[in-house]
>>> print(open('query-v4.cif').read())   # mmCIF, C-alpha atoms
data_my_file
#
loop_
_atom_site.group_PDB
_atom_site.id
_atom_site.type_symbol
_atom_site.label_atom_id
_atom_site.label_comp_id
_atom_site.auth_asym_id
_atom_site.auth_seq_id
_atom_site.Cartn_x
_atom_site.Cartn_y
_atom_site.Cartn_z
ATOM 1 C CA MET A 1 23.262 37.740 9.712
ATOM 2 C CA THR A 2 23.485 34.034 10.416
ATOM 3 C CA ASN A 3 23.109 31.515 7.637
ATOM 4 C CA VAL A 4 21.236 28.533 9.018
ATOM 5 C CA ASN A 5 20.996 25.341 7.013
ATOM 6 C CA THR A 6 17.864 23.377 7.695
ATOM 7 C CA ALA A 7 17.429 19.801 6.672
ATOM 8 C CA THR A 8 14.153 18.880 5.075
ATOM 9 C CA THR A 9 12.976 15.352 4.684
ATOM 10 C CA VAL A 10 11.245 14.455 1.456
ATOM 11 C CA VAL A 11 8.632 11.769 1.917
ATOM 12 C CA SER A 12 7.319 9.992 -1.155
ATOM 13 C CA LYS A 13 3.640 9.859 -1.991
ATOM 14 C CA SER A 14 3.589 6.082 -1.597
ATOM 15 C CA ALA A 15 5.227 6.401 1.838
ATOM 16 C CA LYS A 16 2.500 8.842 2.889
ATOM 17 C CA LEU A 17 -0.139 6.412 1.617
ATOM 18 C CA LEU A 18 1.488 3.547 3.496
ATOM 19 C CA THR A 19 1.540 5.612 6.699
ATOM 20 C CA ALA A 20 -2.193 6.255 6.364
ATOM 21 C CA LEU A 21 -2.875 2.554 5.767
ATOM 22 C CA GLN A 22 -0.698 1.608 8.747
ATOM 23 C CA ALA A 23 -2.789 3.999 10.856
ATOM 24 C CA GLY A 24 -5.804 1.830 10.049
ATOM 25 C CA GLU A 25 -7.419 3.942 7.352
ATOM 26 C CA ALA A 26 -9.410 2.294 4.548
ATOM 27 C CA LEU A 27 -9.199 4.416 1.402
ATOM 28 C CA THR A 28 -10.740 4.338 -2.061
ATOM 29 C CA ALA A 29 -8.707 4.989 -5.202
ATOM 30 C CA LYS A 30 -10.433 8.353 -5.554
ATOM 31 C CA GLN A 31 -9.498 9.318 -1.983
ATOM 32 C CA ILE A 32 -5.901 8.202 -2.532
ATOM 33 C CA ALA A 33 -5.617 10.283 -5.715
ATOM 34 C CA ALA A 34 -7.094 13.398 -4.108
ATOM 35 C CA ARG A 35 -5.300 13.196 -0.773
ATOM 36 C CA PHE A 36 -1.823 12.111 -1.877
ATOM 37 C CA GLY A 37 -1.731 13.320 -5.492
ATOM 38 C CA ILE A 38 -1.137 9.810 -6.795
ATOM 39 C CA GLY A 39 -2.075 9.583 -10.466
ATOM 40 C CA ASN A 40 -2.552 5.812 -10.567
ATOM 41 C CA PRO A 41 -3.581 4.572 -7.097
ATOM 42 C CA THR A 42 -4.094 0.983 -8.281
ATOM 43 C CA ALA A 43 -0.504 0.779 -9.566
ATOM 44 C CA THR A 44 0.815 2.284 -6.323
ATOM 45 C CA ILE A 45 -1.114 -0.272 -4.257
ATOM 46 C CA SER A 46 0.222 -3.041 -6.500
ATOM 47 C CA ASP A 47 3.779 -1.742 -6.060
ATOM 48 C CA LEU A 48 3.403 -1.671 -2.269
ATOM 49 C CA ARG A 49 2.181 -5.267 -2.401
ATOM 50 C CA LEU A 50 4.810 -6.649 -4.770
ATOM 51 C CA ARG A 51 7.915 -4.655 -3.900
ATOM 52 C CA GLY A 52 7.117 -3.745 -0.316
ATOM 53 C CA GLY A 53 5.549 -7.044 0.677
ATOM 54 C CA TYR A 54 2.573 -5.366 2.364
ATOM 55 C CA ALA A 55 -0.720 -7.254 2.649
ATOM 56 C CA ILE A 56 -3.070 -4.624 1.283
ATOM 57 C CA PHE A 57 -6.573 -5.935 0.787
ATOM 58 C CA ALA A 58 -9.126 -4.640 -1.709
ATOM 59 C CA ASN A 59 -12.604 -4.693 -0.194
ATOM 60 C CA PRO A 60 -15.328 -3.992 -2.780
ATOM 61 C CA LYS A 61 -18.689 -2.725 -1.545
ATOM 62 C CA LYS A 62 -21.707 -1.097 -3.108
ATOM 63 C CA ASN A 63 -22.399 2.464 -2.029
ATOM 64 C CA ALA A 64 -25.835 3.999 -1.437
ATOM 65 C CA LYS A 65 -26.241 4.552 -5.194
ATOM 66 C CA GLY A 66 -25.478 0.911 -5.973
ATOM 67 C CA ILE A 67 -22.050 1.662 -7.437
ATOM 68 C CA SER A 68 -19.230 -0.716 -6.527
ATOM 69 C CA VAL A 69 -16.440 1.057 -4.631
ATOM 70 C CA THR A 70 -13.214 -0.637 -3.559
ATOM 71 C CA ARG A 71 -11.547 0.358 -0.305
ATOM 72 C CA TYR A 72 -7.928 -0.550 0.306
ATOM 73 C CA LYS A 73 -6.885 -1.568 3.802
ATOM 74 C CA LEU A 74 -3.670 -2.909 5.283
ATOM 75 C CA GLY A 75 -3.943 -6.278 7.002
ATOM 76 C CA SER A 76 -1.837 -9.290 7.736
ATOM 77 C CA ALA A 77 -1.273 -12.058 5.257
ATOM 78 C CA PRO A 78 -3.078 -15.353 5.854
ATOM 79 C CA LYS A 79 -0.852 -18.348 6.640
ATOM 80 C CA ALA A 80 -1.736 -19.966 3.305
ATOM 81 C CA ILE A 81 -0.351 -16.969 1.414
ATOM 82 C CA VAL A 82 2.867 -16.913 3.435
ATOM 83 C CA ALA A 83 3.275 -20.673 2.913
ATOM 84 C CA ALA A 84 2.708 -20.277 -0.838
ATOM 85 C CA GLY A 85 5.404 -17.594 -0.912
ATOM 86 C CA TYR A 86 7.899 -19.859 0.834
ATOM 87 C CA ARG A 87 7.037 -22.717 -1.546
ATOM 88 C CA ALA A 88 7.595 -20.434 -4.535
ATOM 89 C CA MET A 89 10.925 -19.291 -3.111
ATOM 90 C CA ALA A 90 11.974 -22.892 -2.506
ATOM 91 C CA ALA A 91 11.002 -23.852 -6.058
ATOM 92 C CA ALA A 92 13.045 -20.937 -7.406
ATOM 93 C CA LYS A 93 15.850 -21.742 -4.934
ATOM 94 C CA VAL A 94 15.776 -18.215 -3.501
ATOM 95 C CA VAL A 95 17.406 -17.754 -0.122
ATOM 96 C CA ALA A 96 15.348 -15.668 2.323
ATOM 97 C CA SER A 97 17.317 -13.027 4.165
#
>>> encode(input="query-v4.cif", output="structure tokens")
Amino acid sequence: MTNVNTATTVVSKSAKLLTALQAGEALTAKQIAARFGIGNPTATISDLRLRGGYAIFANPKKNAKGISVTRYKLGSAPKAIVAAGYRAMAAAKVVAS
């Protein structure tokens, strides 16, 4: 009998979420929780924004029942935001790599 070692890649829940957003999907917090098993979707989105530097936009809309639902979608940062980031880095004397 042959013993075969197989390598398995573990992908984090936030990485799976990011992949879906990069594929162009717009997801609600409820969809994120159900699909990826993320307990706090808002915190995960915030982490992807702050630590990952991804421009994830929150687009609130009212559904057919009049309830406000926010969909998260990946986009590109406006020039003003990028400029503000560089100004903040300059003020803090942080060197960009």
>>> residues_around(input="query-v4.cif", residues="range 23-32 of chain A", least_positions_apart="2", cutoff="12 Å", atoms="all atoms listed in the file", output="ChimeraX atom specification")
/A:13-14,16-21,34-45,56-61,63,68-75
>>> atom_distance(input="query-v4.cif", atom1="CA of Ala55 in chain A", atom2="CA of Lys79 in chain A")
11.8 Å
>>> atom_distance(input="query-v4.cif", atom1="CA of Ala15 in chain A", atom2="CA of Gly52 in chain A")
10.5 Å
>>> atom_distance(input="query-v4.cif", atom1="CA of Ala90 in chain A", atom2="CA of Ser76 in chain A")
21.9 Å
>>> axis_aligned_box(input="query-v4.cif", around="range 84-93 of chain A", padding_each_side="3 Å", output="AutoDock Vina command-line options")
--center_x 9.3 --center_y -20.7 --center_z -3.3 --size_x 19.1 --size_y 12.3 --size_z 14.2
>>> decode(input="query-v4.cif", residues="range 34-71 of chain A", atoms="C-alpha atoms", output="PDB file, in the first residue's frame")
ATOM      1  CA  ALA A  34     -24.627  32.713   5.334  1.00  0.00           C
ATOM      2  CA  ARG A  35     -22.294  32.020   2.427  1.00  0.00           C
ATOM      3  CA  PHE A  36     -18.900  32.346   4.119  1.00  0.00           C
ATOM      4  CA  GLY A  37     -19.766  31.642   7.764  1.00  0.00           C
ATOM      5  CA  ILE A  38     -18.487  35.036   8.867  1.00  0.00           C
ATOM      6  CA  GLY A  39     -19.953  35.972  12.241  1.00  0.00           C
ATOM      7  CA  ASN A  40     -19.410  39.723  11.932  1.00  0.00           C
ATOM      8  CA  PRO A  41     -19.449  40.709   8.236  1.00  0.00           C
ATOM      9  CA  THR A  42     -19.177  44.437   8.991  1.00  0.00           C
ATOM     10  CA  ALA A  43     -15.944  43.914  10.955  1.00  0.00           C
ATOM     11  CA  THR A  44     -14.534  41.713   8.181  1.00  0.00           C
ATOM     12  CA  ILE A  45     -15.317  44.370   5.565  1.00  0.00           C
ATOM     13  CA  SER A  46     -13.697  46.994   7.796  1.00  0.00           C
ATOM     14  CA  ASP A  47     -10.599  44.808   8.194  1.00  0.00           C
ATOM     15  CA  LEU A  48     -10.315  44.331   4.424  1.00  0.00           C
ATOM     16  CA  ARG A  49     -10.531  48.102   4.009  1.00  0.00           C
ATOM     17  CA  LEU A  50      -8.080  49.091   6.739  1.00  0.00           C
ATOM     18  CA  ARG A  51      -5.523  46.293   6.683  1.00  0.00           C
ATOM     19  CA  GLY A  52      -5.900  45.142   3.100  1.00  0.00           C
ATOM     20  CA  GLY A  53      -6.327  48.566   1.541  1.00  0.00           C
ATOM     21  CA  TYR A  54      -9.303  47.469  -0.570  1.00  0.00           C
ATOM     22  CA  ALA A  55     -11.867  50.059  -1.670  1.00  0.00           C
ATOM     23  CA  ILE A  56     -15.037  48.298  -0.596  1.00  0.00           C
ATOM     24  CA  PHE A  57     -18.090  50.490  -0.930  1.00  0.00           C
ATOM     25  CA  ALA A  58     -21.290  50.210   1.096  1.00  0.00           C
ATOM     26  CA  ASN A  59     -24.308  50.921  -1.091  1.00  0.00           C
ATOM     27  CA  PRO A  60     -27.527  51.266   0.939  1.00  0.00           C
ATOM     28  CA  LYS A  61     -30.837  50.719  -0.842  1.00  0.00           C
ATOM     29  CA  LYS A  62     -34.406  50.112   0.206  1.00  0.00           C
ATOM     30  CA  ASN A  63     -35.830  46.722  -0.694  1.00  0.00           C
ATOM     31  CA  ALA A  64     -39.394  46.022  -1.840  1.00  0.00           C
ATOM     32  CA  LYS A  65     -40.581  46.090   1.789  1.00  0.00           C
ATOM     33  CA  GLY A  66     -39.015  49.498   2.403  1.00  0.00           C
ATOM     34  CA  ILE A  67     -36.225  48.122   4.588  1.00  0.00           C
ATOM     35  CA  SER A  68     -32.756  49.585   4.076  1.00  0.00           C
ATOM     36  CA  VAL A  69     -30.259  46.941   2.936  1.00  0.00           C
ATOM     37  CA  THR A  70     -26.561  47.626   2.404  1.00  0.00           C
ATOM     38  CA  ARG A  71     -24.683  45.827  -0.352  1.00  0.00           C
TER      39      ARG A  71
END
